[in-house]
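**Q** Before I ask anything, let me first share the structure, which is written out below as structure tokens.
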Amino acid sequence: MSLSCCGTPEPNGGAHNNPRWRLILWIALIANGAMFLVEIFAGLAADSRALQADALDFFGDAANYAVSLGVAGLALAWRAKAAMLKAATMLVFGLWVIGYAVYAIAVGSNPEPTTMGVVGVAALLVNISVALMLFRYREGDANMRSVWICSRNDAIGNVAVLAAALGVLGTGQAWPDLVVAGIMAGLAIWGSLEVFKQARVELAHG
């Protein structure tokens with residue numbers, strides 16, 4: 001993969017405090033907040049665990065972008081600590097989704113594939129747009145990297161939600177929805193471990 005999909009150079013050490021970075025974070029914050037509201041109501045209406053999990057992911061990301069805006073321009077140690085907090089949030093989200101999927105297996109569910117598909121497409125478009133804007137900052141400090149990882153995982157998760165909608169439509173059963181919820185949980189846990197690792201190194205050198 002090239003350094004940037006837009007041909008822009010890798011950011012320098014002050015990228016975390018430049019106006020473009022802050023503007024992107026504000027756009028991402030607003031977009032994720034709006035999609036949280038859309039998906040949480042759609043997920044409840046469609047009885048889709050995958051949509052509800054994705055909605056909570058949007059909420060977590062909106063909070064993460066707000067934290068990133070708050071620490072932009074601060075010392076590396078503070079940005080690394082913020083990244084640790086966000087990694088912990090990602091980990092908790094992943095564990096919660098696994099537990100929620102197990103609960104759904106126990107009580108049963110009946111997801112509605114059309115709503116899942118329509119909302120999944122909208123979420124995918126939002127996350128791809130944010131991920132493309134953040135692509136050039138993917139090799140920054142742990143705080144910037146955590147933002148990129150969240151956006152990357154979200155786009156992958158949205159593709160999985162669409163696959164779940166097709167699976168539910170094709171089989172008439174709920175298991176594709178639950179499988180996707182599990183995949184999203186795995187992505188969150190994996191991403192949190194990546195951020196934890198880099199943030200610990202930065203704290204040691206901060």
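Chain labels run A, B, ... following the order of the structure tokens; each chain numbers its residues from 1, and ligands are numbered from 1 in the order shown.
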Excluding A:Arg145 and residues on its chain fewer than 5 positions from it, collect all residues at most 12 Å away from it, counting only C-alpha atoms, and give them as a CSV table (one decimal) with N, CA, C and O atoms, in the first residue's frame.

**A**
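around-v6.csv, written as the output of this step:
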```csv
chain,number,residue,atom,x,y,z
A,11,PRO,N,2.9,12.8,7.3
A,11,PRO,CA,2.8,14.0,8.1
A,11,PRO,C,4.1,14.1,9.0
A,11,PRO,O,4.7,13.2,9.3
A,15,ALA,N,2.1,17.3,13.0
A,15,ALA,CA,0.8,17.1,12.3
A,15,ALA,C,-0.4,17.0,13.2
A,15,ALA,O,-1.5,17.4,12.9
A,16,HIS,N,-0.1,16.6,14.5
A,16,HIS,CA,-1.2,16.4,15.4
A,16,HIS,C,-1.8,17.7,15.8
A,16,HIS,O,-2.9,17.8,16.4
A,64,ASN,N,-14.0,9.4,20.9
A,64,ASN,CA,-12.6,9.3,20.6
A,64,ASN,C,-12.1,10.5,19.9
A,64,ASN,O,-11.0,11.1,20.2
A,65,TYR,N,-12.9,11.0,18.9
A,65,TYR,CA,-12.5,12.2,18.1
A,65,TYR,C,-12.5,13.4,19.0
A,65,TYR,O,-11.6,14.3,18.9
A,68,SER,N,-9.4,13.3,21.0
A,68,SER,CA,-8.2,13.7,20.2
A,68,SER,C,-8.2,15.2,19.9
A,68,SER,O,-7.1,15.8,19.9
A,79,ARG,N,-0.8,12.9,24.8
A,79,ARG,CA,-1.4,12.2,23.7
A,79,ARG,C,-1.4,10.7,23.8
A,79,ARG,O,-2.4,10.0,23.4
A,80,ALA,N,-0.3,10.2,24.3
A,80,ALA,CA,-0.2,8.7,24.5
A,80,ALA,C,-1.2,8.3,25.5
A,80,ALA,O,-1.8,7.2,25.4
A,82,ALA,N,-4.0,9.7,26.2
A,82,ALA,CA,-5.4,9.7,25.6
A,82,ALA,C,-5.6,8.5,24.7
A,82,ALA,O,-6.7,7.9,24.7
A,83,ALA,N,-4.5,8.1,24.0
A,83,ALA,CA,-4.6,6.9,23.2
A,83,ALA,C,-4.9,5.7,24.0
A,83,ALA,O,-5.6,4.8,23.6
A,84,MET,N,-4.3,5.6,25.2
A,84,MET,CA,-4.5,4.4,26.1
A,84,MET,C,-6.0,4.4,26.5
A,84,MET,O,-6.6,3.3,26.6
A,86,LYS,N,-8.5,5.6,24.8
A,86,LYS,CA,-9.3,5.2,23.7
A,86,LYS,C,-9.2,3.7,23.4
A,86,LYS,O,-10.1,3.0,23.0
A,87,ALA,N,-7.9,3.2,23.6
A,87,ALA,CA,-7.7,1.7,23.4
A,87,ALA,C,-8.6,0.9,24.4
A,87,ALA,O,-9.1,-0.1,24.1
A,131,ALA,N,-12.2,7.7,6.6
A,131,ALA,CA,-11.0,6.9,6.5
A,131,ALA,C,-10.1,7.5,5.5
A,131,ALA,O,-8.8,7.6,5.7
A,134,LEU,N,-8.4,10.6,6.8
A,134,LEU,CA,-7.4,10.3,7.8
A,134,LEU,C,-6.2,9.5,7.3
A,134,LEU,O,-5.3,9.3,8.1
A,135,PHE,N,-6.3,9.0,6.1
A,135,PHE,CA,-5.3,8.1,5.6
A,135,PHE,C,-3.8,8.6,5.8
A,135,PHE,O,-2.9,7.9,6.1
A,136,ARG,N,-3.6,9.8,5.5
A,136,ARG,CA,-2.3,10.4,5.5
A,136,ARG,C,-1.7,10.5,6.9
A,136,ARG,O,-0.5,10.6,7.1
A,137,TYR,N,-2.6,10.4,7.9
A,137,TYR,CA,-2.1,10.5,9.3
A,137,TYR,C,-2.0,9.1,10.0
A,137,TYR,O,-1.8,9.1,11.2
A,138,ARG,N,-2.1,8.0,9.2
A,138,ARG,CA,-2.1,6.7,9.8
A,138,ARG,C,-0.8,6.3,10.5
A,138,ARG,O,-0.7,5.4,11.3
A,139,GLU,N,0.3,7.0,10.2
A,139,GLU,CA,1.6,6.6,10.7
A,139,GLU,C,2.1,7.7,11.7
A,139,GLU,O,3.3,7.8,12.0
A,140,GLY,N,1.2,8.5,12.3
A,140,GLY,CA,1.5,9.4,13.3
A,140,GLY,C,1.7,8.8,14.7
A,140,GLY,O,2.0,7.6,14.8
A,150,CYS,N,-9.6,3.2,14.3
A,150,CYS,CA,-11.0,3.2,14.5
A,150,CYS,C,-11.8,3.3,13.2
A,150,CYS,O,-12.7,2.6,12.9
A,151,SER,N,-11.3,4.3,12.3
A,151,SER,CA,-12.0,4.5,11.1
A,151,SER,C,-11.8,3.4,10.1
A,151,SER,O,-12.8,3.0,9.4
A,152,ARG,N,-10.6,2.8,10.1
A,152,ARG,CA,-10.4,1.6,9.2
A,152,ARG,C,-11.3,0.5,9.6
A,152,ARG,O,-11.9,-0.2,8.8
A,191,GLY,N,-7.7,-4.0,17.3
A,191,GLY,CA,-7.3,-2.6,17.2
A,191,GLY,C,-6.8,-2.0,18.5
A,191,GLY,O,-5.8,-1.2,18.6
A,192,SER,N,-7.5,-2.3,19.6
A,192,SER,CA,-7.1,-1.8,20.9
A,192,SER,C,-5.7,-2.3,21.3
A,192,SER,O,-4.9,-1.5,21.9
A,194,GLU,N,-3.3,-3.0,19.3
A,194,GLU,CA,-2.3,-2.3,18.5
A,194,GLU,C,-2.0,-0.9,19.1
A,194,GLU,O,-0.9,-0.5,19.2
A,195,VAL,N,-3.1,-0.2,19.5
A,195,VAL,CA,-2.9,1.1,20.1
A,195,VAL,C,-2.2,1.1,21.4
A,195,VAL,O,-1.4,1.9,21.8
A,196,PHE,N,-2.6,0.1,22.3
A,196,PHE,CA,-2.0,-0.1,23.6
A,196,PHE,C,-0.5,-0.2,23.4
A,196,PHE,O,0.3,0.4,24.1
A,197,LYS,N,-0.1,-1.1,22.5
A,197,LYS,CA,1.4,-1.3,22.2
A,197,LYS,C,2.1,-0.1,21.9
A,197,LYS,O,3.2,0.2,22.5
A,198,GLN,N,1.6,0.7,20.9
A,198,GLN,CA,2.3,1.9,20.5
A,198,GLN,C,2.3,3.0,21.6
A,198,GLN,O,3.3,3.7,21.8
A,199,ALA,N,1.2,3.1,22.3
A,199,ALA,CA,1.1,4.1,23.4
A,199,ALA,C,2.0,3.8,24.5
A,199,ALA,O,2.6,4.8,25.1
```

**Q** Contacts between stretch 96-115 of chain A and stretch 154-193 of chain A, please, where a residue of stretch 154-193 of chain A counts if it comes within 7 Å (with only C-alpha atoms); show its shortest atom pair and distance in Å to one decimal, rows by chain and ascending number, as JSON lines.

**A**
```
{"residue": "A:Ala165", "atom": "CA", "partner": "A:Pro113", "partner_atom": "CA", "distance": 4.6}
{"residue": "A:Leu166", "atom": "CA", "partner": "A:Pro113", "partner_atom": "CA", "distance": 6.9}
{"residue": "A:Val168", "atom": "CA", "partner": "A:Pro113", "partner_atom": "CA", "distance": 5.9}
{"residue": "A:Leu169", "atom": "CA", "partner": "A:Pro113", "partner_atom": "CA", "distance": 5.6}
{"residue": "A:Ala174", "atom": "CA", "partner": "A:Asn110", "partner_atom": "CA", "distance": 5.9}
{"residue": "A:Leu178", "atom": "CA", "partner": "A:Ala101", "partner_atom": "CA", "distance": 5.7}
{"residue": "A:Ala181", "atom": "CA", "partner": "A:Val97", "partner_atom": "CA", "distance": 6.5}
{"residue": "A:Gly182", "atom": "CA", "partner": "A:Ile98", "partner_atom": "CA", "distance": 5.8}
{"residue": "A:Ala185", "atom": "CA", "partner": "A:Val97", "partner_atom": "CA", "distance": 5.6}
```

**Q** Would you mind exporting the chosen residues as a PDB file, in the first residue's frame, restricted to N, CA and C atoms?

**A**
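So result.pdb came out as:
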```
ATOM      1  N   ALA A 165     -26.603  -8.594   6.245  1.00  0.00           N
ATOM      2  CA  ALA A 165     -27.939  -8.343   5.694  1.00  0.00           C
ATOM      3  C   ALA A 165     -28.254  -9.317   4.568  1.00  0.00           C
ATOM      4  N   LEU A 166     -27.275  -9.546   3.695  1.00  0.00           N
ATOM      5  CA  LEU A 166     -27.475 -10.513   2.604  1.00  0.00           C
ATOM      6  C   LEU A 166     -27.653 -11.924   3.154  1.00  0.00           C
ATOM      7  N   VAL A 168     -28.829 -12.787   6.161  1.00  0.00           N
ATOM      8  CA  VAL A 168     -30.151 -12.902   6.783  1.00  0.00           C
ATOM      9  C   VAL A 168     -31.228 -13.025   5.717  1.00  0.00           C
ATOM     10  N   LEU A 169     -31.092 -12.228   4.650  1.00  0.00           N
ATOM     11  CA  LEU A 169     -32.067 -12.272   3.558  1.00  0.00           C
ATOM     12  C   LEU A 169     -32.065 -13.633   2.878  1.00  0.00           C
ATOM     13  N   ALA A 174     -31.090 -15.695  11.840  1.00  0.00           N
ATOM     14  CA  ALA A 174     -30.398 -14.589  12.496  1.00  0.00           C
ATOM     15  C   ALA A 174     -28.894 -14.795  12.616  1.00  0.00           C
ATOM     16  N   LEU A 178     -25.417 -12.316  13.944  1.00  0.00           N
ATOM     17  CA  LEU A 178     -24.647 -12.579  15.156  1.00  0.00           C
ATOM     18  C   LEU A 178     -23.174 -12.824  14.838  1.00  0.00           C
ATOM     19  N   ALA A 181     -21.571  -9.488  14.287  1.00  0.00           N
ATOM     20  CA  ALA A 181     -21.356  -8.819  15.571  1.00  0.00           C
ATOM     21  C   ALA A 181     -20.073  -9.344  16.218  1.00  0.00           C
ATOM     22  N   GLY A 182     -19.829 -10.656  16.113  1.00  0.00           N
ATOM     23  CA  GLY A 182     -18.604 -11.236  16.648  1.00  0.00           C
ATOM     24  C   GLY A 182     -17.357 -10.747  15.925  1.00  0.00           C
ATOM     25  N   ALA A 185     -16.526  -7.320  17.052  1.00  0.00           N
ATOM     26  CA  ALA A 185     -15.898  -7.371  18.374  1.00  0.00           C
ATOM     27  C   ALA A 185     -14.421  -7.720  18.251  1.00  0.00           C
TER      28      ALA A 185
END
```

**Q** Can you tell me which residues surround stretch 36-45 of chain A at a distance of at most 9 Å, considering only C-alpha atoms, apart from same-chain residues fewer than 5 positions away, and format the answer as a count of residues only?

**A** 19

**Q** Could you work out how far atom CA of A:Leu132 lies from atom CA of A:Met90, giving the answer in Å with one decimal?

**A** 20.8 Å

**Q** Can you pull out the residues contacting A:Met133? Cut-off 10 Å, using only C-alpha atoms, and skip same-chain residues under 6 positions away; I want them as a list in words.

**A**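 After dropping sequence-adjacent residues, the list is Cys5, Cys6, Arg20, Trp21, Ile24, Leu25, Ile27, Ala28, Asn127, Trp148 and Ser151 of chain A.
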
**Q** Could you write out the selected residues, including N, CA, C and O atoms, as a PDB file, in the first residue's frame?

**A**
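Saved file selection_35.pdb follows:
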```pdb
ATOM      1  N   CYS A   5      -3.183   7.543  -0.383  1.00  0.00           N
ATOM      2  CA  CYS A   5      -4.038   7.312  -1.543  1.00  0.00           C
ATOM      3  C   CYS A   5      -4.205   8.584  -2.358  1.00  0.00           C
ATOM      4  O   CYS A   5      -4.689   8.530  -3.483  1.00  0.00           O
ATOM      5  N   CYS A   6      -3.835   9.727  -1.790  1.00  0.00           N
ATOM      6  CA  CYS A   6      -3.995  11.001  -2.497  1.00  0.00           C
ATOM      7  C   CYS A   6      -2.658  11.577  -2.937  1.00  0.00           C
ATOM      8  O   CYS A   6      -2.603  12.709  -3.419  1.00  0.00           O
ATOM      9  N   ARG A  20      -5.592  21.347   9.468  1.00  0.00           N
ATOM     10  CA  ARG A  20      -6.247  20.316   8.654  1.00  0.00           C
ATOM     11  C   ARG A  20      -6.643  19.116   9.505  1.00  0.00           C
ATOM     12  O   ARG A  20      -7.744  18.578   9.368  1.00  0.00           O
ATOM     13  N   TRP A  21      -5.731  18.694  10.382  1.00  0.00           N
ATOM     14  CA  TRP A  21      -6.006  17.566  11.276  1.00  0.00           C
ATOM     15  C   TRP A  21      -7.218  17.867  12.170  1.00  0.00           C
ATOM     16  O   TRP A  21      -8.117  17.039  12.320  1.00  0.00           O
ATOM     17  N   ILE A  24     -10.487  17.792  10.120  1.00  0.00           N
ATOM     18  CA  ILE A  24     -10.900  16.420   9.829  1.00  0.00           C
ATOM     19  C   ILE A  24     -11.547  15.788  11.057  1.00  0.00           C
ATOM     20  O   ILE A  24     -12.569  15.085  10.964  1.00  0.00           O
ATOM     21  N   LEU A  25     -10.957  16.025  12.227  1.00  0.00           N
ATOM     22  CA  LEU A  25     -11.518  15.474  13.454  1.00  0.00           C
ATOM     23  C   LEU A  25     -12.917  16.018  13.724  1.00  0.00           C
ATOM     24  O   LEU A  25     -13.808  15.275  14.159  1.00  0.00           O
ATOM     25  N   ILE A  27     -15.070  17.108  11.451  1.00  0.00           N
ATOM     26  CA  ILE A  27     -15.963  16.481  10.475  1.00  0.00           C
ATOM     27  C   ILE A  27     -16.303  15.060  10.907  1.00  0.00           C
ATOM     28  O   ILE A  27     -17.463  14.627  10.869  1.00  0.00           O
ATOM     29  N   ALA A  28     -15.280  14.322  11.324  1.00  0.00           N
ATOM     30  CA  ALA A  28     -15.478  12.940  11.760  1.00  0.00           C
ATOM     31  C   ALA A  28     -16.368  12.873  12.997  1.00  0.00           C
ATOM     32  O   ALA A  28     -17.235  11.989  13.118  1.00  0.00           O
ATOM     33  N   ASN A 127     -18.028   6.158   6.704  1.00  0.00           N
ATOM     34  CA  ASN A 127     -16.748   5.696   7.226  1.00  0.00           C
ATOM     35  C   ASN A 127     -15.643   5.683   6.179  1.00  0.00           C
ATOM     36  O   ASN A 127     -14.483   5.964   6.497  1.00  0.00           O
ATOM     37  N   TRP A 148      -7.058   6.592  13.167  1.00  0.00           N
ATOM     38  CA  TRP A 148      -7.044   5.895  11.873  1.00  0.00           C
ATOM     39  C   TRP A 148      -7.548   4.468  12.021  1.00  0.00           C
ATOM     40  O   TRP A 148      -8.360   3.990  11.220  1.00  0.00           O
ATOM     41  N   SER A 151     -11.320   4.287  12.332  1.00  0.00           N
ATOM     42  CA  SER A 151     -11.999   4.539  11.058  1.00  0.00           C
ATOM     43  C   SER A 151     -11.846   3.362  10.101  1.00  0.00           C
ATOM     44  O   SER A 151     -12.789   2.974   9.418  1.00  0.00           O
TER      45      SER A 151
END
```

**Q** Extract the full set of alpha helix (DSSP H) residues from chain A according to DSSP on the backbone, and format it as a ChimeraX atom specification.

**A** /A:19-46,49-71,76-107,113-134,142-171,175-205
